[in-house]
Every structure is written in C-alpha cells, then in structure tokens.
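As provided, input34.csv (CSV, C-alpha atoms and all ligand atoms) reads as follows.
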```csv
chain,number,residue,atom,x,y,z
A,1,MET,CA,-4.7,-19.6,24.0
A,2,THR,CA,-5.9,-16.3,25.4
A,3,TRP,CA,-7.1,-13.2,23.6
A,4,GLN,CA,-3.7,-11.7,24.1
A,5,HIS,CA,-2.0,-14.7,22.4
A,6,VAL,CA,-4.4,-14.4,19.4
A,7,ILE,CA,-3.6,-10.8,19.0
A,8,ASP,CA,0.1,-11.2,19.4
A,9,ALA,CA,0.2,-14.0,16.9
A,10,ALA,CA,-1.7,-12.0,14.3
A,11,LEU,CA,0.6,-9.1,14.7
A,12,GLU,CA,3.7,-11.3,14.5
A,13,GLN,CA,2.4,-12.9,11.3
A,14,ARG,CA,2.0,-9.5,9.7
A,15,ARG,CA,5.4,-8.4,10.8
A,16,ALA,CA,7.1,-11.5,9.4
A,17,ALA,CA,5.5,-10.9,6.0
A,18,ASP,CA,6.6,-7.2,6.0
A,19,ALA,CA,2.9,-6.4,5.9
A,20,LEU,CA,2.4,-4.6,9.2
A,21,ARG,CA,0.4,-1.5,8.6
A,22,ARG,CA,1.4,1.7,10.4
A,23,ARG,CA,0.0,5.2,10.2
A,24,CYS,CA,2.0,8.3,9.8
A,25,THR,CA,0.9,11.6,11.4
A,26,VAL,CA,0.6,14.5,9.0
A,27,GLU,CA,1.2,17.9,10.4
A,28,GLN,CA,0.0,20.0,7.6
A,29,GLY,CA,-1.3,19.9,4.0
A,30,THR,CA,-3.3,17.4,2.0
A,31,GLY,CA,-2.5,18.8,-1.4
A,32,ARG,CA,0.7,19.2,-3.4
A,33,TRP,CA,2.8,19.5,-0.2
A,34,LEU,CA,2.5,17.7,3.0
A,35,THR,CA,4.5,18.2,6.2
A,36,MET,CA,5.3,15.2,8.4
A,37,ASP,CA,8.0,14.7,11.1
A,38,GLY,CA,8.9,18.4,10.5
A,39,ARG,CA,9.8,17.6,6.9
A,40,ARG,CA,8.1,18.8,3.8
A,41,PHE,CA,7.3,16.3,1.1
A,42,LEU,CA,5.9,16.4,-2.4
A,43,ASN,CA,2.7,14.5,-2.0
A,44,PHE,CA,2.0,11.6,-4.4
A,45,SER,CA,-0.4,9.7,-2.1
A,46,SER,CA,-3.5,11.9,-2.0
A,47,ASN,CA,-6.8,11.1,-3.6
A,48,ASP,CA,-7.6,14.8,-3.7
A,49,TYR,CA,-7.3,14.6,-7.5
A,50,LEU,CA,-8.5,18.1,-8.3
A,51,GLY,CA,-6.8,19.8,-5.4
A,52,LEU,CA,-10.2,20.9,-4.0
A,53,SER,CA,-9.4,20.2,-0.4
A,54,GLN,CA,-7.4,23.5,-0.5
A,55,HIS,CA,-9.8,25.4,-2.7
A,56,PRO,CA,-10.6,28.8,-1.1
A,57,ALA,CA,-14.3,28.8,-2.2
A,58,VAL,CA,-14.8,25.4,-0.7
A,59,ILE,CA,-13.1,26.4,2.6
A,60,ARG,CA,-15.1,29.6,2.8
A,61,ALA,CA,-18.3,27.6,2.1
A,62,TRP,CA,-17.5,25.3,5.0
A,63,GLN,CA,-16.9,28.3,7.3
A,64,GLN,CA,-20.1,30.0,6.3
A,65,GLY,CA,-22.0,26.7,6.7
A,66,ALA,CA,-20.6,26.3,10.2
A,67,GLU,CA,-21.6,29.9,11.1
A,68,ARG,CA,-25.2,29.3,10.0
A,69,PHE,CA,-25.8,25.7,11.2
A,70,GLY,CA,-23.1,25.1,13.8
A,71,VAL,CA,-20.6,22.3,13.5
A,72,GLY,CA,-22.7,19.2,13.9
A,73,SER,CA,-26.0,18.0,12.5
A,74,GLY,CA,-27.5,17.0,15.9
A,75,GLY,CA,-28.8,13.6,14.8
A,76,SER,CA,-29.8,11.1,12.2
A,77,GLY,CA,-31.4,12.4,9.1
A,78,HIS,CA,-34.5,10.6,10.2
A,79,VAL,CA,-34.8,12.7,13.3
A,80,ILE,CA,-33.5,16.3,12.9
A,81,GLY,CA,-30.2,15.8,11.0
A,82,HIS,CA,-31.6,16.4,7.5
A,83,THR,CA,-31.2,20.2,6.9
A,84,ALA,CA,-31.8,22.6,4.1
A,85,ALA,CA,-28.1,22.2,3.2
A,86,HIS,CA,-28.4,18.5,2.9
A,87,GLN,CA,-31.6,18.8,0.8
A,88,ALA,CA,-30.0,21.4,-1.5
A,89,LEU,CA,-26.9,19.2,-2.1
A,90,GLU,CA,-29.0,16.1,-2.7
A,91,SER,CA,-31.1,17.9,-5.4
A,92,GLU,CA,-28.0,19.4,-7.0
A,93,LEU,CA,-26.4,16.0,-7.3
A,94,ALA,CA,-29.5,14.4,-8.7
A,95,ASP,CA,-29.8,17.1,-11.3
A,96,TRP,CA,-26.1,17.0,-12.2
A,97,LEU,CA,-26.1,13.2,-12.7
A,98,GLY,CA,-29.6,12.8,-14.2
A,99,TYR,CA,-31.3,10.8,-11.4
A,100,ASP,CA,-34.5,11.3,-9.6
A,101,ARG,CA,-32.9,11.3,-6.2
A,102,ALA,CA,-29.6,11.4,-4.3
A,103,LEU,CA,-29.2,10.3,-0.7
A,104,LEU,CA,-26.2,11.4,1.3
A,105,PHE,CA,-24.1,9.1,3.5
A,106,ILE,CA,-21.2,9.9,5.7
A,107,SER,CA,-18.8,7.7,3.8
A,108,GLY,CA,-18.6,5.6,0.7
A,109,PHE,CA,-17.9,2.6,2.9
A,110,SER,CA,-21.2,3.0,4.7
A,111,ALA,CA,-23.1,3.8,1.5
A,112,ASN,CA,-21.9,0.5,0.0
A,113,GLN,CA,-22.7,-1.4,3.1
A,114,ALA,CA,-26.1,0.1,3.4
A,115,VAL,CA,-27.2,-0.4,-0.2
A,116,ILE,CA,-26.1,-4.0,-0.5
A,117,SER,CA,-27.5,-5.0,2.9
A,118,ALA,CA,-30.8,-3.2,2.3
A,119,LEU,CA,-31.3,-4.6,-1.2
A,120,THR,CA,-30.1,-8.2,-1.1
A,121,GLY,CA,-31.5,-11.2,0.7
A,122,LYS,CA,-31.0,-14.9,0.8
A,123,ASP,CA,-32.7,-15.8,-2.5
A,124,ASP,CA,-30.6,-13.2,-4.4
A,125,ARG,CA,-27.2,-13.3,-6.1
A,126,ILE,CA,-24.6,-10.6,-6.1
A,127,VAL,CA,-22.2,-10.8,-9.1
A,128,ALA,CA,-19.2,-8.6,-8.4
A,129,ASP,CA,-15.9,-7.8,-10.2
A,130,LYS,CA,-13.1,-9.6,-8.3
A,131,LEU,CA,-11.2,-6.3,-7.8
A,132,SER,CA,-14.1,-4.5,-6.3
A,133,HIS,CA,-13.3,-2.3,-3.3
A,134,ALA,CA,-13.3,-3.9,0.2
A,135,SER,CA,-16.4,-2.0,1.2
A,136,LEU,CA,-18.3,-3.7,-1.7
A,137,LEU,CA,-17.0,-7.2,-1.3
A,138,GLU,CA,-17.3,-7.1,2.5
A,139,ALA,CA,-20.9,-6.0,2.3
A,140,ALA,CA,-21.5,-8.7,-0.4
A,141,SER,CA,-20.0,-11.4,1.7
A,142,LEU,CA,-21.9,-10.3,4.8
A,143,SER,CA,-25.1,-10.4,2.9
A,144,PRO,CA,-27.2,-13.7,3.0
A,145,ALA,CA,-27.3,-13.5,-0.8
A,146,GLN,CA,-25.1,-15.7,-2.9
A,147,LEU,CA,-21.8,-14.0,-3.9
A,148,ARG,CA,-20.2,-14.8,-7.3
A,149,ARG,CA,-17.1,-12.9,-8.4
A,150,PHE,CA,-16.1,-12.5,-12.0
A,151,ALA,CA,-12.5,-12.1,-13.2
A,152,HIS,CA,-11.5,-8.5,-13.4
A,153,ASN,CA,-13.5,-6.8,-16.2
A,154,ASP,CA,-14.4,-10.2,-17.7
A,155,VAL,CA,-17.8,-9.5,-19.3
A,156,GLY,CA,-18.1,-13.0,-20.7
A,157,GLN,CA,-17.8,-14.6,-17.3
A,158,LEU,CA,-20.2,-12.0,-15.9
A,159,ALA,CA,-22.8,-13.1,-18.5
A,160,THR,CA,-22.2,-16.8,-17.7
A,161,LEU,CA,-22.8,-16.2,-14.0
A,162,LEU,CA,-25.9,-14.1,-14.7
A,163,GLY,CA,-27.3,-17.0,-16.8
A,164,LYS,CA,-27.3,-19.5,-14.0
A,165,PRO,CA,-30.8,-20.1,-12.5
A,166,ILE,CA,-31.7,-18.1,-9.4
A,167,GLY,CA,-34.8,-17.8,-7.3
A,168,GLY,CA,-34.5,-14.1,-6.4
A,169,GLN,CA,-33.0,-11.0,-8.0
A,170,GLN,CA,-29.4,-10.4,-9.2
A,171,LEU,CA,-27.2,-7.3,-8.5
A,172,VAL,CA,-24.1,-6.7,-10.6
A,173,VAL,CA,-21.5,-4.7,-8.8
A,174,THR,CA,-18.5,-3.0,-10.3
A,175,GLU,CA,-16.5,0.3,-10.2
A,176,GLY,CA,-15.9,3.1,-12.7
A,177,VAL,CA,-12.2,3.3,-12.0
A,178,PHE,CA,-10.5,0.6,-9.9
A,179,SER,CA,-8.7,1.9,-6.8
A,180,MET,CA,-5.6,-0.3,-6.9
A,181,ASP,CA,-4.9,-0.5,-10.6
A,182,GLY,CA,-6.4,2.8,-11.8
A,183,ASP,CA,-7.9,1.1,-14.8
A,184,SER,CA,-11.6,1.5,-15.9
A,185,ALA,CA,-14.4,-1.0,-16.3
A,186,PRO,CA,-15.9,-1.7,-19.7
A,187,LEU,CA,-19.1,-0.1,-18.4
A,188,ARG,CA,-21.1,-0.2,-21.7
A,189,ALA,CA,-20.5,-4.0,-22.1
A,190,ILE,CA,-21.2,-4.6,-18.4
A,191,ALA,CA,-24.5,-2.7,-18.6
A,192,ASP,CA,-25.5,-4.6,-21.7
A,193,ALA,CA,-24.8,-8.0,-20.2
A,194,THR,CA,-26.6,-6.9,-17.0
A,195,HIS,CA,-29.7,-5.7,-18.8
A,196,GLN,CA,-30.0,-8.7,-21.0
A,197,THR,CA,-31.4,-10.2,-17.8
A,198,GLN,CA,-33.6,-8.7,-15.1
A,199,ALA,CA,-30.5,-7.9,-13.0
A,200,TRP,CA,-29.7,-4.4,-11.8
A,201,LEU,CA,-26.3,-2.7,-12.0
A,202,MET,CA,-24.6,-0.9,-9.2
A,203,VAL,CA,-21.5,1.2,-10.1
A,204,ASP,CA,-19.2,2.7,-7.5
A,205,ASP,CA,-17.5,5.6,-9.1
A,206,ALA,CA,-15.4,6.8,-6.2
A,207,HIS,CA,-12.4,7.6,-8.4
A,208,GLY,CA,-14.2,8.8,-11.5
A,209,ILE,CA,-16.7,11.3,-10.2
A,210,GLY,CA,-15.6,14.9,-10.6
A,211,VAL,CA,-12.6,13.8,-12.6
A,212,MET,CA,-13.8,11.9,-15.6
A,213,GLY,CA,-16.4,12.8,-18.3
A,214,GLU,CA,-18.0,16.0,-19.3
A,215,GLN,CA,-18.4,18.5,-16.4
A,216,GLY,CA,-16.8,15.8,-14.3
A,217,ARG,CA,-20.0,13.7,-14.3
A,218,GLY,CA,-17.9,10.6,-14.0
A,219,SER,CA,-17.3,7.2,-15.6
A,220,CYS,CA,-21.0,6.3,-16.3
A,221,HIS,CA,-21.6,9.5,-18.1
A,222,LEU,CA,-18.4,9.0,-20.1
A,223,HIS,CA,-19.6,5.6,-21.2
A,224,SER,CA,-23.2,6.7,-21.7
A,225,ILE,CA,-24.8,4.3,-19.2
A,226,LYS,CA,-27.2,4.9,-16.3
A,227,PRO,CA,-26.9,2.2,-13.7
A,228,GLU,CA,-29.9,1.6,-11.4
A,229,ILE,CA,-27.6,2.5,-8.5
A,230,LEU,CA,-24.7,4.9,-8.7
A,231,ILE,CA,-22.4,5.5,-5.8
A,232,VAL,CA,-20.3,8.6,-5.7
A,233,THR,CA,-17.9,9.5,-2.9
A,234,PHE,CA,-16.6,12.9,-1.9
A,235,GLY,CA,-13.3,12.0,-0.3
A,236,LYS,CA,-11.5,11.9,-3.6
A,237,GLY,CA,-12.2,14.3,-6.5
A,238,PHE,CA,-14.4,16.5,-4.3
A,239,GLY,CA,-11.6,16.9,-1.8
A,240,VAL,CA,-13.9,16.6,1.2
A,241,SER,CA,-15.6,13.4,2.5
A,242,GLY,CA,-18.9,11.7,2.4
A,243,ALA,CA,-20.9,9.9,-0.3
A,244,ALA,CA,-24.2,9.8,-2.1
A,245,VAL,CA,-26.4,7.1,-3.7
A,246,LEU,CA,-28.0,8.1,-6.9
A,247,CYS,CA,-31.2,6.2,-7.7
A,248,SER,CA,-34.9,6.4,-8.7
A,249,GLU,CA,-37.6,7.9,-6.5
A,250,THR,CA,-38.8,4.5,-5.3
A,251,VAL,CA,-35.3,3.1,-4.5
A,252,ALA,CA,-34.6,6.3,-2.5
A,253,ASP,CA,-37.8,5.8,-0.5
A,254,TYR,CA,-37.0,2.1,0.0
A,255,LEU,CA,-33.5,3.0,1.3
A,256,LEU,CA,-34.9,5.5,3.6
A,257,GLN,CA,-36.9,2.7,5.2
A,258,PHE,CA,-34.3,-0.1,5.2
A,259,ALA,CA,-30.8,1.4,5.0
A,260,ARG,CA,-29.7,1.0,8.6
A,261,HIS,CA,-26.5,3.1,8.1
A,262,LEU,CA,-28.8,6.1,7.4
A,263,ILE,CA,-31.3,5.5,10.1
A,264,TYR,CA,-29.1,4.7,13.0
A,265,SER,CA,-26.2,7.1,12.3
A,266,THR,CA,-25.7,10.9,12.7
A,267,SER,CA,-25.9,12.6,9.3
A,268,MET,CA,-22.9,14.6,7.9
A,269,PRO,CA,-22.5,18.1,9.4
A,270,PRO,CA,-24.6,20.6,7.5
A,271,ALA,CA,-21.5,22.8,7.0
A,272,GLN,CA,-19.9,19.9,5.1
A,273,ALA,CA,-22.9,19.7,2.8
A,274,VAL,CA,-22.5,23.4,2.1
A,275,ALA,CA,-18.8,22.8,1.3
A,276,LEU,CA,-19.7,19.9,-1.0
A,277,SER,CA,-22.2,22.1,-2.8
A,278,ALA,CA,-19.3,24.6,-3.4
A,279,ALA,CA,-17.0,21.8,-4.5
A,280,LEU,CA,-19.7,20.7,-7.0
A,281,GLN,CA,-19.9,24.2,-8.4
A,282,VAL,CA,-16.2,24.3,-9.0
A,283,ILE,CA,-16.3,20.8,-10.6
A,284,GLN,CA,-19.1,21.9,-13.0
A,285,ARG,CA,-17.5,25.1,-14.1
A,286,ALA,CA,-14.4,26.3,-16.0
A,287,ASP,CA,-12.3,26.1,-12.9
A,288,GLY,CA,-13.0,22.4,-12.7
A,289,GLU,CA,-12.5,21.9,-16.4
A,290,GLY,CA,-9.1,23.5,-16.2
A,291,ARG,CA,-8.1,21.3,-13.3
A,292,ARG,CA,-9.2,18.2,-15.2
A,293,GLN,CA,-7.2,19.2,-18.2
A,294,LYS,CA,-4.1,19.9,-16.1
A,295,LEU,CA,-4.4,16.6,-14.4
A,296,ALA,CA,-4.7,14.8,-17.8
A,297,ALA,CA,-1.5,16.6,-19.0
A,298,LEU,CA,0.3,15.6,-15.8
A,299,ILE,CA,-0.8,11.9,-16.3
A,300,THR,CA,0.5,11.9,-19.8
A,301,ARG,CA,3.8,13.4,-18.8
A,302,PHE,CA,4.2,10.8,-16.0
A,303,ARG,CA,3.3,7.8,-18.2
A,304,GLU,CA,5.7,8.9,-20.9
A,305,GLY,CA,8.4,9.2,-18.3
A,306,THR,CA,7.9,5.7,-16.9
A,307,ALA,CA,8.3,3.9,-20.3
A,308,ASP,CA,11.9,2.8,-19.6
A,309,LEU,CA,11.5,1.9,-15.9
A,310,PRO,CA,11.8,-1.8,-14.9
A,311,PHE,CA,8.3,-1.9,-13.3
A,312,LYS,CA,5.1,-2.9,-14.7
A,313,VAL,CA,2.5,-0.2,-15.1
A,314,THR,CA,-1.2,-0.8,-15.5
A,315,ASP,CA,-3.3,0.5,-18.4
A,316,SER,CA,-4.6,3.3,-16.2
A,317,THR,CA,-5.3,6.6,-17.8
A,318,SER,CA,-6.6,7.9,-14.4
A,319,ALA,CA,-4.9,9.8,-11.7
A,320,ILE,CA,-4.0,6.5,-10.0
A,321,GLN,CA,-0.7,5.3,-11.5
A,322,PRO,CA,0.6,2.2,-9.8
A,323,LEU,CA,4.1,0.9,-10.4
A,324,ILE,CA,4.0,-2.8,-9.8
A,325,VAL,CA,7.2,-3.9,-8.0
A,326,GLY,CA,6.2,-7.4,-7.0
A,327,ASP,CA,8.1,-8.1,-3.7
A,328,ASN,CA,6.8,-6.5,-0.5
A,329,ARG,CA,10.3,-5.6,0.8
A,330,ARG,CA,11.4,-4.1,-2.4
A,331,ALA,CA,8.2,-2.0,-2.6
A,332,LEU,CA,8.9,-0.7,0.9
A,333,GLN,CA,12.6,0.0,0.1
A,334,LEU,CA,11.6,2.0,-3.0
A,335,ALA,CA,9.0,4.0,-1.1
A,336,GLU,CA,11.7,4.7,1.5
A,337,ARG,CA,14.2,5.9,-1.1
A,338,LEU,CA,11.6,8.2,-2.6
A,339,ARG,CA,10.8,9.5,0.9
A,340,GLN,CA,14.5,10.3,1.5
A,341,GLN,CA,14.3,12.4,-1.7
A,342,ASP,CA,11.2,14.2,-0.3
A,343,CYS,CA,8.6,12.4,-2.5
A,344,LEU,CA,5.8,10.8,-0.5
A,345,VAL,CA,4.4,7.7,-2.1
A,346,THR,CA,2.6,4.7,-0.5
A,347,ALA,CA,3.7,1.1,-0.8
A,348,ILE,CA,0.6,-1.1,-1.1
A,349,ARG,CA,1.0,-4.7,-0.1
A,350,PRO,CA,-1.1,-7.8,0.2
A,351,PRO,CA,-3.8,-8.4,1.4
A,352,THR,CA,-4.9,-5.1,-0.2
A,353,VAL,CA,-3.5,-6.3,-3.5
A,354,PRO,CA,-2.9,-9.9,-4.7
A,355,THR,CA,0.3,-11.7,-3.4
A,356,GLY,CA,3.3,-10.9,-5.5
A,357,THR,CA,1.9,-7.6,-6.8
A,358,ALA,CA,3.2,-5.2,-4.1
A,359,ARG,CA,3.3,-1.8,-5.7
A,360,LEU,CA,3.8,1.9,-5.3
A,361,ARG,CA,0.5,3.5,-5.6
A,362,LEU,CA,1.2,6.9,-7.0
A,363,THR,CA,-1.6,9.4,-7.3
A,364,LEU,CA,-1.3,12.6,-9.3
A,365,THR,CA,-3.4,15.7,-8.6
A,366,ALA,CA,-4.2,18.9,-10.5
A,367,ALA,CA,-2.3,20.6,-7.6
A,368,HIS,CA,1.0,19.2,-8.9
A,369,GLU,CA,3.3,21.1,-11.3
A,370,PHE,CA,5.1,19.5,-14.2
A,371,ALA,CA,8.4,20.0,-12.3
A,372,ASP,CA,7.0,17.8,-9.5
A,373,ILE,CA,6.4,14.9,-12.0
A,374,ASP,CA,9.9,15.4,-13.4
A,375,ARG,CA,11.4,15.3,-10.0
A,376,LEU,CA,9.5,12.1,-9.2
A,377,LEU,CA,10.7,10.5,-12.4
A,378,GLU,CA,14.2,11.5,-11.8
A,379,VAL,CA,14.3,9.8,-8.4
A,380,LEU,CA,12.7,6.7,-9.8
A,381,HIS,CA,15.3,6.5,-12.6
A,382,ALA,CA,18.2,7.3,-10.3
A,383,GLY,CA,17.3,4.2,-8.2
A,384,GLU,CA,17.8,1.7,-11.1
B,401,LIG,C1,-12.4,5.1,-1.3
B,401,LIG,C2,-13.5,4.2,-1.8
B,401,LIG,C3,-14.6,3.9,-1.1
B,401,LIG,C4,-14.8,4.4,0.3
B,401,LIG,O1,-15.2,5.7,0.3
B,401,LIG,P1,-15.0,6.5,1.7
B,401,LIG,O2,-15.9,7.7,1.5
B,401,LIG,O3,-13.6,6.9,1.7
B,401,LIG,O4,-15.5,5.6,2.8
B,401,LIG,C5,-15.6,3.1,-1.6
B,401,LIG,N1,-15.4,2.6,-2.9
B,401,LIG,C6,-14.3,2.8,-3.6
B,401,LIG,C7,-14.2,2.2,-4.9
B,401,LIG,C8,-13.3,3.6,-3.1
B,401,LIG,O5,-12.2,3.8,-3.8
```
What does this structure look like when you write it as structure tokens?
Ligand SMILES: *Cc1c(COP(=O)(O)O)cnc(C)c1O
Amino acid sequence: MTWQHVIDAALEQRRAADALRRRCTVEQGTGRWLTMDGRRFLNFSSNDYLGLSQHPAVIRAWQQGAERFGVGSGGSGHVIGHTAAHQALESELADWLGYDRALLFISGFSANQAVISALTGKDDRIVADKLSHASLLEAASLSPAQLRRFAHNDVGQLATLLGKPIGGQQLVVTEGVFSMDGDSAPLRAIADATHQTQAWLMVDDAHGIGVMGEQGRGSCHLHSIKPEILIVTFGKGFGVSGAAVLCSETVADYLLQFARHLIYSTSMPPAQAVALSAALQVIQRADGEGRRQKLAALITRFREGTADLPFKVTDSTSAIQPLIVGDNRRALQLAERLRQQDCLVTAIRPPTVPTGTARLRLTLTAAHEFADIDRLLEVLHAGE
C-alpha cells in the first residue's frame, strides 16, 4: 500500500456508494436566483434565510468599511486585528442577546472547536445531542474529555448521563435548530436538566439566530433560556459569515487566554464586522420583522403543499425543510430532475445523515416569492 493506493481506495468506496461529493461553481447570486453553467436556477439550497446577503444596506456597509479600514485586519485580534469595528459589533451583539460579552470568530466551525477545546479537559464530560453539527461532535471527540451522546432531543437520557459520577465538570451541548432535520431542541427542558446539576449548557444557534424569536434573538430567547455559552453564526440568517460566542465577563477573559483559534488566527476583516453590524440593524428592525413574517408564510405554504407527497417530512417549522427520500441514488435522481426544471436543491447523503435517510435538503428564504414555492411543489408532484 502506498499513499496513492489509500487515496484511490477511499475515493472508489465513495463512488461505489453514490456518495462522492463534488462542488459546483456558481457564477452569480446567492439569493432567490443563482446562475451556474450559464443557467439560471431558483435557489432552494441557500442558508441565507432572510435574503440579507443581497441587502443594499449591508453591501454598502461592507464597502464603506473597506474604504475606512482596508480589506484585511492585518493580524490576530491579540496583536492588531481587533479594531473599533470589531469592538462595536461585539458590544451590539452582547446587548442584543443579553450577555456580558461577545467574542467574534471567523467561523462557527472554529468557534465551536475553540470553545470546546479551551473548556474541557480529561476529567470532564461532554454530553451532546447525537445530531449535533460536525463541528461540535468533532471538537468533542478530539477533546480528552469523555464524550457521551444522547438520543436526539431525549432529555430523559440526557439527565441519566448527567447523573453518572464524574471527577471534573460537565458540558451539555445542543443546537437551537438542527441543520439536517430543521427541527428544534426542547431547550427549556434541556436547560432544566442541565441546571439540576453543576453542568453548563452550550447552545449552537446557527440556524435560529436572526430568524427565530422576537427581534430575531433566536431559539434561546424564544424558549426563555440563557445558556452559559451561546454560539451564533453569521453565514446563515445574517447572510454574511463569521460567528460569535456569547458568555459572561470571566468566560470571555478565559477564552481570550486559552482559545487557540482566536490567538493564532487572523481576525475577520473589519469591513466584514461593519457589514455584520448593518445586518444586525436590519434584523432588529421592521425590515427584519417583515422578512421573518414572509419566511414563515412561505414555510406554511410549502408544508401544506407537501402533505400528499410520498416522502417523509420532519417536524420542522424552520426554513430547513427536508424531504426524506431514503435511498442515495433516488435522492440524486430527484435532485437532478428538479435541476432540469431549474430548481436547485441539494441531495444530502450519508455520512452527513444516517444511512437510509438520504434527503433533499430544501431551504426557503425570505427572498423567495409564493410563486417559487408553487413552482417547486409542482415539479415535486409531477415526478410522482
Ligand atoms: C453551519 C453551522 C456551523 C458552522 O458555521 P460556519 O460559520 O459556517 O463555520 C456550526 N454549527 C451549526 C449548527 C451549523 O449549522
């Protein structure tokens, strides 16, 4: 065996299972429309739930930020990369979400890695929902802490695991809205079970922030809980990219000492922080509220229209509306047929989701029109 053999065999295995991943190259658009291979598609694959990636005020803010600060931050936030733009965004986020502090990260993936590796050590235990995002589970399995996973949203099993003796601390990890099923966690019950012990709760609200709750404050606000650690990301509802950790004063100071992804990595461009502040303004105001209402109406329309389709739907009320097809090849064929009818959807296959649950992961955004939803439903029905 050589390295080349190992790589060829791994690729062959993926190919044989119809699970080889490829990327497509988008020529234009991340919102309602998207152009690829010279063709224009209705886009049902974007996480830009409020359509903010195309918002004129956000685009203008990014341009103005670049004129003031240039395009890059010039270093880690620990050296010279923490600018007035970063500082302003951090305090706006902390005020909005009711925390002492917010710390910016370049991505949700790195925020999750940083927090879990900075907090947990070999005497500790991480208790995570089985369907947690790869960035959380990977960080947890890299940590020297014990990792125990509870069945999806099973608060009883969570409580049992938390009750087992442990030398160190326990960290409970879950999400507000789950990325592959689009369903929500029972956050109130999870917080109660967590806080019946000395454990801390970490909630990743990548898909809820901006979209759920009053003023878009997200899943935790909607369920009236305040986890010790809240992760919000900006690549979805905010329409940009990046992430923040919301926490207490002392946890923020601790992360500034021990979160290696912050210390040894270039901070986000200041212009991006300016754009994110503009996106936050939109989210908090009537414009954002209107977008959330429109999205909710589109979701209702879609779910009503799927009632007589032969696919399983999840109990998602979020913008993520999966149609569970089962078989990998069938999911790919269905995605292809939709594509022929100018609707762009993504087939999600194992190992991203459990074997036998290949699905079309449809995402709706406030940038869609009702006619777009009707068009999608028409193509889905025509195929059966
Ligand atoms: C998308 C996502 C992430 C990763 O965030 P990025 O900013 O895209 O790196 C983390 N957690 C969850 C639950 C996500 O859905």
Original post:
If you count all atoms listed in the file, which residues end up within 8 Å of ligand LIG 401 (chain B), as a ChimeraX atom specification?
Top reply: /A:106-112,132-136,175,177-179,204-207,233-236,241-243
Once you have the residues from the selection above, write them out as an mmCIF file, keeping the file's coordinate frame, restricted to C-alpha atoms.
```cif
data_model
loop_
_atom_site.group_PDB
_atom_site.id
_atom_site.type_symbol
_atom_site.label_atom_id
_atom_site.label_comp_id
_atom_site.auth_asym_id
_atom_site.auth_seq_id
_atom_site.Cartn_x
_atom_site.Cartn_y
_atom_site.Cartn_z
ATOM 1 C CA ILE A 106 -21.200 9.900 5.700
ATOM 2 C CA SER A 107 -18.800 7.700 3.800
ATOM 3 C CA GLY A 108 -18.600 5.600 0.700
ATOM 4 C CA PHE A 109 -17.900 2.600 2.900
ATOM 5 C CA SER A 110 -21.200 3.000 4.700
ATOM 6 C CA ALA A 111 -23.100 3.800 1.500
ATOM 7 C CA ASN A 112 -21.900 0.500 0.000
ATOM 8 C CA SER A 132 -14.100 -4.500 -6.300
ATOM 9 C CA HIS A 133 -13.300 -2.300 -3.300
ATOM 10 C CA ALA A 134 -13.300 -3.900 0.200
ATOM 11 C CA SER A 135 -16.400 -2.000 1.200
ATOM 12 C CA LEU A 136 -18.300 -3.700 -1.700
ATOM 13 C CA GLU A 175 -16.500 0.300 -10.200
ATOM 14 C CA VAL A 177 -12.200 3.300 -12.000
ATOM 15 C CA PHE A 178 -10.500 0.600 -9.900
ATOM 16 C CA SER A 179 -8.700 1.900 -6.800
ATOM 17 C CA ASP A 204 -19.200 2.700 -7.500
ATOM 18 C CA ASP A 205 -17.500 5.600 -9.100
ATOM 19 C CA ALA A 206 -15.400 6.800 -6.200
ATOM 20 C CA HIS A 207 -12.400 7.600 -8.400
ATOM 21 C CA THR A 233 -17.900 9.500 -2.900
ATOM 22 C CA PHE A 234 -16.600 12.900 -1.900
ATOM 23 C CA GLY A 235 -13.300 12.000 -0.300
ATOM 24 C CA LYS A 236 -11.500 11.900 -3.600
ATOM 25 C CA SER A 241 -15.600 13.400 2.500
ATOM 26 C CA GLY A 242 -18.900 11.700 2.400
ATOM 27 C CA ALA A 243 -20.900 9.900 -0.300
#
```
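When CA of Phe41 in chain A is paired with CA of Arg15 in chain A, their separation reads 26.6 Å.
Pairwise distance (CA of Leu93 in chain A, CA of Ala57 in chain A) equals 18.3 Å.
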Original post:
Residues at most 6 Å from range 359-373 of chain A, counting all atoms listed in the file, excluding those fewer than 2 positions away in the same chain, as a ChimeraX atom specification?
Top reply: /A:32,44-45,49-51,291,294-295,319-325,331,345-348,375-376
Original post:
Looking at all atoms listed in the file, which of A:Leu332, A:Met36, A:Ile209, A:Leu255 is the one that sits closest to Ser117 in chain A?
Top reply: A:Leu255
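Here CA of Arg148 in chain A stands at a distance of 8.9 Å from CA of Lys130 in chain A.
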**OP:** Select all residues near (-26.9, -0.2, 4.9) (cut-off 9 Å, inclusive, file coordinates), counting only C-alpha atoms, and output them as a PyMOL selection string.
**Re:** chain A and resi 110-119+139+255+258-263
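With all atoms listed in the file as the atoms that count, the residue of A:Lys122, A:Leu137, A:Gly29, A:Ala151 with the shortest distance to Leu42 in chain A is A:Gly29.
Closest approach to Asp123 in chain A among A:Leu171, A:Ile166, A:Leu309, A:Val26 is made by A:Ile166 (distances from all atoms listed in the file).
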Original post:
Nearest to Ala279 in chain A: which of A:Val240, A:Ala252, A:Ala66, A:Val313 is it, counting only C-alpha atoms?
Top reply: A:Val240
Original post:
Using all atoms listed in the file, which residues sit within 8 Å of Glu228 in chain A once same-chain residues fewer than 2 positions away are excluded, as an MDAnalysis selection string?
Top reply: chainID A and resid 200:202 226 230 247:248
Could you take the residues named above and write them with C-alpha atoms, as an mmCIF file, keeping the file's coordinate frame?
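selection-v9.cif, freshly written:
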```
data_model
loop_
_atom_site.group_PDB
_atom_site.id
_atom_site.type_symbol
_atom_site.label_atom_id
_atom_site.label_comp_id
_atom_site.auth_asym_id
_atom_site.auth_seq_id
_atom_site.Cartn_x
_atom_site.Cartn_y
_atom_site.Cartn_z
ATOM 1 C CA TRP A 200 -29.700 -4.400 -11.800
ATOM 2 C CA LEU A 201 -26.300 -2.700 -12.000
ATOM 3 C CA MET A 202 -24.600 -0.900 -9.200
ATOM 4 C CA LYS A 226 -27.200 4.900 -16.300
ATOM 5 C CA LEU A 230 -24.700 4.900 -8.700
ATOM 6 C CA CYS A 247 -31.200 6.200 -7.700
ATOM 7 C CA SER A 248 -34.900 6.400 -8.700
#
```
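Residues having any atom no farther than 8 Å from (-13.1, -5.6, -16.9) (counting all atoms listed in the file) are Asp129, Ala151, His152, Asn153, Asp154, Val155, Ser184, Ala185 and Pro186 of chain A.
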Subject >> Top pick for closest residue to Ala271 in chain A, considering A:Asp18, A:Thr35, A:Arg285, A:His82 and counting only C-alpha atoms >> reply: A:His82
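Closest to Ile80 in chain A among A:Ser267, A:Pro165, A:Glu249, A:Arg149 is A:Ser267, based on all atoms listed in the file.
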